[in-house]
Each structure stands twice: as structure tokens, then as C-alpha cells.
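File shown: query.cif. Contents: mmCIF, C-alpha atoms.
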```cif
data_run
loop_
_atom_site.label_atom_id
_atom_site.label_comp_id
_atom_site.auth_asym_id
_atom_site.auth_seq_id
_atom_site.Cartn_x
_atom_site.Cartn_y
_atom_site.Cartn_z
CA MET A 183 -39.78 -57.39 -25.99
CA ASP A 184 -42.33 -60.04 -24.93
CA VAL A 185 -42.46 -63.59 -26.30
CA ARG A 186 -45.53 -62.89 -28.47
CA SER A 187 -43.84 -59.93 -30.17
CA LEU A 188 -40.64 -61.92 -30.71
CA LEU A 189 -42.53 -64.83 -32.28
CA SER A 190 -44.49 -62.43 -34.49
CA ARG A 191 -41.31 -60.83 -35.78
CA ARG A 192 -39.69 -64.20 -36.44
CA PHE A 193 -42.77 -65.40 -38.32
CA VAL A 194 -42.90 -62.32 -40.55
CA TRP A 195 -39.15 -62.45 -41.16
CA GLY A 196 -39.26 -66.14 -42.08
CA ALA A 197 -42.18 -65.66 -44.46
CA ALA A 198 -40.52 -62.72 -46.18
CA ALA A 199 -37.25 -64.57 -46.58
CA LEU A 200 -39.01 -67.52 -48.20
CA MET A 201 -40.92 -65.24 -50.55
CA SER A 202 -37.76 -63.41 -51.53
CA VAL A 203 -35.98 -66.61 -52.51
CA ALA A 204 -38.99 -68.05 -54.33
CA GLY A 205 -40.04 -64.90 -56.14
CA LEU A 206 -36.93 -62.92 -56.89
CA SER A 207 -33.86 -65.12 -57.10
CA GLN A 208 -32.32 -68.53 -56.70
CA GLY A 209 -29.89 -67.31 -54.04
CA PHE A 210 -29.63 -68.26 -50.38
CA ALA A 211 -32.26 -67.07 -47.90
CA ALA A 212 -31.27 -64.20 -45.63
CA LYS A 213 -29.80 -65.20 -42.28
CA ALA A 214 -29.42 -61.82 -40.63
CA ASP A 215 -32.09 -60.57 -38.23
CA PRO A 216 -33.27 -57.30 -39.87
CA TYR A 217 -34.49 -55.95 -36.53
CA SER A 218 -30.96 -56.06 -35.12
CA LEU A 219 -29.91 -53.38 -37.62
CA PRO A 220 -30.13 -49.67 -36.79
CA ILE A 221 -33.11 -47.79 -38.19
CA ALA A 222 -33.07 -44.04 -38.86
CA THR A 223 -35.85 -41.81 -37.55
CA SER A 224 -36.40 -39.55 -40.54
CA GLY A 225 -37.29 -40.24 -44.16
CA PRO A 226 -35.10 -39.88 -47.24
CA VAL A 227 -34.99 -36.72 -49.33
CA THR A 228 -37.42 -36.98 -52.23
CA SER A 229 -37.94 -35.10 -55.49
CA ASP A 230 -37.14 -31.37 -55.68
CA ALA A 231 -40.33 -30.81 -57.70
CA PRO A 232 -43.30 -32.43 -55.92
CA ALA A 233 -46.17 -33.78 -58.00
CA SER A 234 -49.36 -31.77 -58.31
CA ALA A 235 -51.21 -34.29 -56.13
CA THR A 236 -48.58 -33.84 -53.42
CA VAL A 237 -48.90 -30.05 -53.56
CA ALA A 238 -52.70 -30.29 -53.34
CA SER A 239 -52.47 -32.62 -50.32
CA GLN A 240 -49.94 -30.34 -48.64
CA GLN A 241 -52.23 -27.36 -49.13
CA LEU A 242 -55.23 -29.24 -47.70
CA ALA A 243 -53.19 -30.41 -44.71
CA ARG A 244 -52.10 -26.85 -43.94
CA GLN A 245 -55.63 -25.53 -44.46
CA VAL A 246 -57.36 -27.90 -42.02
CA GLY A 247 -54.33 -28.37 -39.74
CA TYR A 248 -52.22 -31.48 -39.20
CA ALA A 249 -54.18 -32.52 -36.09
CA GLN A 250 -57.42 -32.83 -38.07
CA PHE A 251 -55.80 -34.09 -41.28
CA THR A 252 -54.22 -37.04 -39.46
CA ALA A 253 -57.03 -37.72 -36.95
CA ALA A 254 -58.45 -41.26 -36.90
CA ASP A 255 -61.95 -39.90 -37.63
CA TRP A 256 -60.91 -37.79 -40.63
CA HIS A 257 -62.91 -39.11 -43.64
CA VAL A 258 -63.78 -42.50 -42.14
CA GLY A 259 -64.09 -45.37 -44.61
CA THR A 260 -61.91 -48.10 -46.06
CA VAL A 261 -58.76 -46.76 -47.74
CA ARG A 262 -56.30 -48.87 -49.75
CA HIS A 263 -52.64 -47.90 -50.09
CA MET A 264 -50.93 -49.83 -52.90
CA VAL A 265 -47.13 -49.84 -53.08
CA MET A 266 -45.11 -51.56 -55.82
CA PHE A 267 -41.33 -52.00 -55.88
CA LYS A 268 -38.65 -52.70 -58.42
CA TYR A 269 -35.47 -53.58 -56.54
CA LYS A 270 -32.02 -52.45 -57.60
CA LYS A 271 -30.07 -55.08 -59.52
CA ASP A 272 -27.37 -55.22 -56.88
CA ALA A 273 -29.83 -55.69 -54.00
CA THR A 274 -29.14 -59.16 -52.58
CA PRO A 275 -31.82 -61.71 -51.66
CA ALA A 276 -31.07 -60.98 -48.00
CA GLN A 277 -31.56 -57.24 -48.47
CA ARG A 278 -34.81 -57.74 -50.38
CA ALA A 279 -36.07 -60.08 -47.68
CA GLU A 280 -35.22 -57.50 -45.02
CA VAL A 281 -37.19 -54.83 -46.89
CA ALA A 282 -40.22 -57.14 -47.15
CA ALA A 283 -39.98 -58.23 -43.50
CA ARG A 284 -39.77 -54.67 -42.21
CA PHE A 285 -42.65 -53.58 -44.41
CA LEU A 286 -44.87 -56.46 -43.23
CA HIS A 287 -44.09 -55.74 -39.61
CA LEU A 288 -45.47 -52.23 -39.93
CA ALA A 289 -48.84 -53.90 -39.31
CA GLN A 290 -47.65 -54.21 -35.70
CA ASP A 291 -45.21 -51.31 -35.47
CA SER A 292 -47.33 -48.49 -36.93
CA ARG A 293 -49.13 -46.98 -33.94
CA ARG A 294 -50.29 -43.64 -32.69
CA PRO A 295 -48.69 -42.13 -29.57
CA ASP A 296 -51.48 -43.63 -27.45
CA GLY A 297 -50.70 -47.11 -28.77
CA ARG A 298 -53.63 -47.46 -31.13
CA SER A 299 -52.94 -49.42 -34.33
CA VAL A 300 -53.03 -47.48 -37.61
CA VAL A 301 -53.01 -50.38 -40.10
CA VAL A 302 -56.00 -52.71 -40.48
CA SER A 303 -54.12 -55.22 -42.63
CA LEU A 304 -51.00 -55.50 -44.77
CA GLU A 305 -50.30 -58.06 -47.46
CA THR A 306 -47.65 -58.69 -50.10
CA GLY A 307 -46.91 -60.81 -53.14
CA PHE A 308 -44.73 -61.01 -56.24
CA GLN A 309 -45.62 -60.03 -59.80
CA ASN A 310 -46.84 -63.05 -61.77
CA SER A 311 -48.97 -61.53 -64.52
CA GLY A 312 -48.27 -62.60 -68.08
CA GLU A 313 -49.75 -59.45 -69.62
CA GLY A 314 -46.38 -57.72 -69.86
CA VAL A 315 -47.46 -54.32 -68.53
CA GLU A 316 -45.96 -54.43 -65.03
CA GLY A 317 -43.24 -51.93 -65.98
CA GLY A 318 -40.51 -53.94 -64.31
CA LEU A 319 -42.19 -53.82 -60.89
CA GLN A 320 -41.50 -56.97 -58.90
CA GLN A 321 -43.27 -56.90 -55.53
CA ALA A 322 -46.49 -55.30 -54.33
CA PHE A 323 -47.85 -54.43 -50.89
CA LEU A 324 -51.45 -53.56 -50.08
CA VAL A 325 -52.12 -51.65 -46.86
CA THR A 326 -55.67 -51.10 -45.62
CA PHE A 327 -56.78 -48.28 -43.30
CA ARG A 328 -60.02 -47.36 -41.53
CA SER A 329 -59.88 -43.71 -42.61
CA GLU A 330 -57.98 -41.17 -44.66
CA GLY A 331 -56.74 -39.72 -41.39
CA ASP A 332 -55.06 -43.02 -40.45
CA ARG A 333 -53.57 -43.19 -43.96
CA ASN A 334 -52.31 -39.61 -43.68
CA TYR A 335 -50.70 -40.29 -40.29
CA TYR A 336 -49.06 -43.46 -41.64
CA VAL A 337 -47.76 -41.93 -44.89
CA GLY A 338 -46.39 -38.73 -43.34
CA LYS A 339 -43.78 -37.11 -45.59
CA PRO A 340 -43.87 -35.40 -48.02
CA VAL A 341 -47.41 -34.24 -47.13
CA VAL A 342 -47.13 -34.11 -43.33
CA THR A 343 -43.76 -32.76 -42.19
CA ASP A 344 -44.28 -32.28 -38.43
CA PRO A 345 -42.98 -35.40 -36.59
CA ALA A 346 -45.74 -35.00 -34.01
CA PHE A 347 -48.27 -35.96 -36.69
CA PHE A 348 -46.74 -38.85 -38.62
CA ASP A 349 -45.75 -42.44 -37.93
CA PRO A 350 -42.07 -42.76 -36.94
CA ALA A 351 -42.04 -46.50 -37.70
CA HIS A 352 -43.08 -45.98 -41.32
CA GLU A 353 -40.66 -43.09 -41.71
CA ALA A 354 -37.85 -45.30 -40.41
CA PHE A 355 -38.83 -48.03 -42.86
CA LYS A 356 -38.66 -45.62 -45.81
CA GLU A 357 -35.18 -44.56 -44.76
CA PHE A 358 -34.06 -48.18 -44.50
CA ALA A 359 -35.59 -49.37 -47.80
CA GLU A 360 -34.63 -46.44 -50.03
CA PRO A 361 -31.08 -47.67 -50.90
CA TYR A 362 -32.46 -50.96 -52.26
CA ILE A 363 -35.34 -49.61 -54.37
CA ASP A 364 -34.85 -48.71 -58.02
CA LYS A 365 -38.46 -47.79 -58.79
CA ILE A 366 -41.59 -47.32 -56.70
CA MET A 367 -45.22 -46.75 -57.62
CA ILE A 368 -47.92 -45.79 -55.11
CA PHE A 369 -51.66 -45.64 -55.68
CA ASP A 370 -54.20 -44.82 -52.97
CA TYR A 371 -57.97 -44.95 -53.18
CA ASP A 372 -61.08 -44.80 -51.01
CA VAL A 373 -63.21 -47.90 -51.51
CA LEU A 374 -66.35 -46.40 -53.06
CA VAL A 375 -68.03 -49.45 -54.62
CA VAL A 376 -67.65 -53.19 -54.04
CA SER A 377 -69.08 -55.49 -56.72
CA ALA A 378 -69.75 -59.19 -56.14
CA PRO A 379 -71.28 -62.02 -58.22
CA ALA A 380 -75.08 -62.03 -58.17
CA GLU A 381 -75.30 -65.42 -56.43
CA LYS A 382 -73.13 -64.17 -53.59
CA ALA A 383 -75.29 -61.08 -53.21
CA ARG A 384 -78.45 -63.25 -52.99
CA LYS A 385 -76.92 -65.45 -50.28
CA THR A 386 -75.96 -62.37 -48.28
CA SER A 387 -79.49 -61.00 -48.62
CA ARG A 388 -81.05 -64.25 -47.36
CA LYS A 389 -78.75 -64.37 -44.34
CA SER A 390 -79.70 -60.85 -43.38
CA GLY A 391 -83.41 -61.77 -43.55
CA LYS A 392 -84.24 -59.41 -46.39
#
```

Kindly transcribe the structure held in the file into C-alpha cells.
Amino acid sequence: MDVRSLLSRRFVWGAAALMSVAGLSQGFAAKADPYSLPIATSGPVTSDAPASATVASQQLARQVGYAQFTAADWHVGTVRHMVMFKYKKDATPAQRAEVAARFLHLAQDSRRPDGRSVVVSLETGFQNSGEGVEGGLQQAFLVTFRSEGDRNYYVGKPVVTDPAFFDPAHEAFKEFAEPYIDKIMIFDYDVLVVSAPAEKARKTSRKSGK
């Protein structure tokens, strides 16, 4: 591991530990290095009855073939992958911080076999809405991709089941995090429309010379 990678990991770990203490509990910050712990190479077993959206995605993946379904140029365009967690009550601040740190580091760890990055950006934060409709969810992550193919390669199971066509780093993270998660919600979407205030649109138009 080079110095840059080591510093990057320490930065992400430190940030996640601070967020865990500030957002989830009043306990002590985690002291263990999460990357010194063993990580499995396959994901956890999920529901026996997959959702209709999962079945439809599985059918499409088989129809076009995994190679095309997970290719970087499959349906190019910005894709958001939203993940929200509710941690188990007995998950300690250290364990929650480890989950957050490992998730954040997927921005560096998630790569194709040729070394190309899959993730454009990855961010996280804690629930602070006062509307009372969060359903107990505590922490959210937003992952951005350049294409549906990159998203499909990253997500992997249960849609893509051949290890040659999904990200082993993300699969290892799912295996690690599963014992600490009580509830998870995932929502993906292609960015179809972006709306901005009119004054911002006018400034952009003037800069472009239109």
C-alpha cells in the first residue's frame, strides 16, 4: 500500500468515526482500524422471494448478457444510487463507524479488472429532517455513476450472479455490513431532468455566449 492510499484510508476512517459519534450516539469514537479486519468475498443471502423489480432486472441481464449489461457504455448518463440504513440497536459506535468508513472507501476500492474506477462520487450524512417520515432510517449514502452499466457492475447480486461481472469490493462490503444493519432502503434513478433557479440559468446562458 502506498502512502497516498494509506492517508486516504485514514482520512475516510477518521471522518466516518467523527460522524458516527456526532450523529448516532454519545459513545467513544472507534479506535480499531476497520481495514485490518478480514473481509469476505461473497455477499450475504437475501430474500427467498425477490421483488418484481429484481426479477425484471435479472431477466434483462440474462437477455442481453452480463458482459453488455455491466459494460461501462451500457446506457450512459448520470445514475444515482441512494442507500439508507437503520442500524441494529446493539451495533456499537465503533461498528457503525466501520460500516461508514468501508462504504465511503468504495469510491477508491470499486474498480473494474483493468483498474478503471466505477464510482464517480460517494457521499454520506445523517438523518436530520423534522418531518417525521424517515421510517427510522438513520444514515444515507448517495453514490453517483456515469452509466447504468457501471451501476450494474457495482451493485452485482442479486441481479448479476457471475463473479466475473460484479465488483468484489462492494460484495465484500455487503457481507461485512449485513450483521449491523436492521433495515435498508435502496432507490436508484437515472438523472432525467435537472431544474435550477431562473437567475442561475441566465448566468449560465451568458457565460456560454448564448

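In this model, the gap between atom CA of A:Tyr336 and atom CA of A:Val375 comes to 23.8 Å.
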
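Omitting A:Ala359 and its sequence neighbours fewer than 6 positions away, and counting all atoms listed in the file, the residues within 10 Å are Gly225, Pro226, Tyr269, Gln277, Arg278, Glu280, Val281, Ala282, Arg284 and Phe285 of chain A.
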
Open item on the list: Which polymer residues, whether protein, DNA or RNA, lie within 12 Å of the coordinate (-43.9, -31.3, -38.0) when you count all atoms listed in the file? List them as a ChimeraX atom specification, using the chain letters and numbers from the file.
Closed with: /A:224,243-244,247-249,252,335,338-350

Open item on the list: I need the residue nearest A:Val337 from this list: A:Ala238, A:His287, A:Phe358, A:Ser292. Use only C-alpha atoms for the distance.
Closed with: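 Between A:Ala238, A:His287, A:Phe358, A:Ser292, the residue approaching A:Val337 most closely is A:Ser292.
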
Could you tell me, as a CSV table (one decimal) with C-alpha atoms, keeping the file's coordinate frame, which residues have any atom at most 12 Å from (-38.2, -54.0, -52.7), counting only C-alpha atoms?
```
chain,number,residue,atom,x,y,z
A,198,ALA,CA,-40.5,-62.7,-46.2
A,201,MET,CA,-40.9,-65.2,-50.6
A,202,SER,CA,-37.8,-63.4,-51.5
A,205,GLY,CA,-40.0,-64.9,-56.1
A,206,LEU,CA,-36.9,-62.9,-56.9
A,265,VAL,CA,-47.1,-49.8,-53.1
A,266,MET,CA,-45.1,-51.6,-55.8
A,267,PHE,CA,-41.3,-52.0,-55.9
A,268,LYS,CA,-38.6,-52.7,-58.4
A,269,TYR,CA,-35.5,-53.6,-56.5
A,270,LYS,CA,-32.0,-52.4,-57.6
A,271,LYS,CA,-30.1,-55.1,-59.5
A,272,ASP,CA,-27.4,-55.2,-56.9
A,273,ALA,CA,-29.8,-55.7,-54.0
A,274,THR,CA,-29.1,-59.2,-52.6
A,275,PRO,CA,-31.8,-61.7,-51.7
A,276,ALA,CA,-31.1,-61.0,-48.0
A,277,GLN,CA,-31.6,-57.2,-48.5
A,278,ARG,CA,-34.8,-57.7,-50.4
A,279,ALA,CA,-36.1,-60.1,-47.7
A,280,GLU,CA,-35.2,-57.5,-45.0
A,281,VAL,CA,-37.2,-54.8,-46.9
A,282,ALA,CA,-40.2,-57.1,-47.2
A,283,ALA,CA,-40.0,-58.2,-43.5
A,284,ARG,CA,-39.8,-54.7,-42.2
A,285,PHE,CA,-42.6,-53.6,-44.4
A,286,LEU,CA,-44.9,-56.5,-43.2
A,306,THR,CA,-47.6,-58.7,-50.1
A,307,GLY,CA,-46.9,-60.8,-53.1
A,308,PHE,CA,-44.7,-61.0,-56.2
A,309,GLN,CA,-45.6,-60.0,-59.8
A,318,GLY,CA,-40.5,-53.9,-64.3
A,319,LEU,CA,-42.2,-53.8,-60.9
A,320,GLN,CA,-41.5,-57.0,-58.9
A,321,GLN,CA,-43.3,-56.9,-55.5
A,322,ALA,CA,-46.5,-55.3,-54.3
A,323,PHE,CA,-47.8,-54.4,-50.9
A,355,PHE,CA,-38.8,-48.0,-42.9
A,356,LYS,CA,-38.7,-45.6,-45.8
A,358,PHE,CA,-34.1,-48.2,-44.5
A,359,ALA,CA,-35.6,-49.4,-47.8
A,360,GLU,CA,-34.6,-46.4,-50.0
A,361,PRO,CA,-31.1,-47.7,-50.9
A,362,TYR,CA,-32.5,-51.0,-52.3
A,363,ILE,CA,-35.3,-49.6,-54.4
A,364,ASP,CA,-34.8,-48.7,-58.0
A,365,LYS,CA,-38.5,-47.8,-58.8
A,366,ILE,CA,-41.6,-47.3,-56.7
A,367,MET,CA,-45.2,-46.8,-57.6
```

- [ ] Please indicate the distance in Å from atom CA of A:Val315 to atom CA of A:Met264, rounded to one decimal place.
- [x]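 Separation between atom CA of A:Val315 and atom CA of A:Met264: 16.6 Å.
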
Task: Distance of atom CA of A:Arg262 from atom CA of A:Ser329, expressed in Å to one decimal place - done: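 Interatomic distance here is 9.5 Å.
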
Task: Who sits within 8 Å of stretch 255-257 of chain A, all atoms listed in the file, same chain under 2 positions skipped, as a ChimeraX atom specification - done: /A:250-253,259,329-332

Since we have the selection now, will you write its residues out, keeping C-alpha atoms, as an mmCIF file, in the frame of the given file?
```
data_model
loop_
_atom_site.group_PDB
_atom_site.id
_atom_site.type_symbol
_atom_site.label_atom_id
_atom_site.label_comp_id
_atom_site.auth_asym_id
_atom_site.auth_seq_id
_atom_site.Cartn_x
_atom_site.Cartn_y
_atom_site.Cartn_z
ATOM 1 C CA GLN A 250 -57.420 -32.830 -38.070
ATOM 2 C CA PHE A 251 -55.800 -34.090 -41.280
ATOM 3 C CA THR A 252 -54.220 -37.040 -39.460
ATOM 4 C CA ALA A 253 -57.030 -37.720 -36.950
ATOM 5 C CA GLY A 259 -64.090 -45.370 -44.610
ATOM 6 C CA SER A 329 -59.880 -43.710 -42.610
ATOM 7 C CA GLU A 330 -57.980 -41.170 -44.660
ATOM 8 C CA GLY A 331 -56.740 -39.720 -41.390
ATOM 9 C CA ASP A 332 -55.060 -43.020 -40.450
#
```

- [ ] Please write the residues picked by the PyMOL selection byres ((chain A and resi 371) around 8) on this file as an MDAnalysis selection string.
- [x] chainID A and resid 261:263 369:370 372:373

Around all the atoms of stretch 317-327 of chain A listed in the file, draw an axis-aligned box and extend it by 3 Å on each of the six sides; I want its centre and edge lengths in Å to one decimal, as lines of an AutoDock Vina configuration file.
```
center_x = -48.6
center_y = -52.6
center_z = -54.6
size_x = 22.3
size_y = 14.7
size_z = 28.7
```

Show me that you can extract stretch 334-349 of chain A, keeping N, CA and C atoms, and write it as a compact mmCIF listing (two decimals), in the first residue's frame.
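After the write, decode_34.txt holds the following:
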```txt
# COMPACT_ATOMS: atom_id res chain seq x y z
N ASN A 334 -24.63 -1.32 -12.58
CA ASN A 334 -24.91 -2.75 -12.57
C ASN A 334 -23.68 -3.55 -12.12
N TYR A 335 -22.51 -3.15 -12.60
CA TYR A 335 -21.28 -3.85 -12.20
C TYR A 335 -21.03 -3.66 -10.70
N TYR A 336 -21.27 -2.46 -10.20
CA TYR A 336 -21.06 -2.15 -8.78
C TYR A 336 -22.03 -2.92 -7.90
N VAL A 337 -23.32 -2.89 -8.25
CA VAL A 337 -24.35 -3.50 -7.41
C VAL A 337 -24.21 -5.02 -7.37
N GLY A 338 -24.03 -5.65 -8.54
CA GLY A 338 -23.86 -7.10 -8.57
C GLY A 338 -25.08 -7.87 -8.12
N LYS A 339 -24.93 -8.69 -7.08
CA LYS A 339 -26.03 -9.50 -6.59
C LYS A 339 -27.15 -8.63 -6.04
N PRO A 340 -28.39 -9.03 -6.17
CA PRO A 340 -28.89 -10.32 -6.67
C PRO A 340 -29.15 -10.35 -8.17
N VAL A 341 -28.86 -9.26 -8.89
CA VAL A 341 -29.14 -9.22 -10.33
C VAL A 341 -28.06 -9.96 -11.11
N VAL A 342 -26.80 -9.60 -10.86
CA VAL A 342 -25.67 -10.21 -11.55
C VAL A 342 -25.02 -11.22 -10.59
N THR A 343 -24.99 -12.47 -10.98
CA THR A 343 -24.52 -13.52 -10.07
C THR A 343 -23.18 -14.13 -10.48
N ASP A 344 -22.65 -13.76 -11.63
CA ASP A 344 -21.35 -14.28 -12.08
C ASP A 344 -20.25 -13.36 -11.55
N PRO A 345 -19.34 -13.86 -10.70
CA PRO A 345 -18.30 -13.01 -10.10
C PRO A 345 -17.41 -12.31 -11.13
N ALA A 346 -17.39 -12.79 -12.35
CA ALA A 346 -16.59 -12.13 -13.38
C ALA A 346 -17.18 -10.78 -13.79
N PHE A 347 -18.44 -10.54 -13.41
CA PHE A 347 -19.13 -9.34 -13.87
C PHE A 347 -19.71 -8.50 -12.74
N PHE A 348 -19.18 -8.62 -11.53
CA PHE A 348 -19.57 -7.68 -10.48
C PHE A 348 -18.37 -7.34 -9.61
N ASP A 349 -18.53 -6.24 -8.88
CA ASP A 349 -17.45 -5.65 -8.10
C ASP A 349 -17.19 -6.43 -6.81
```
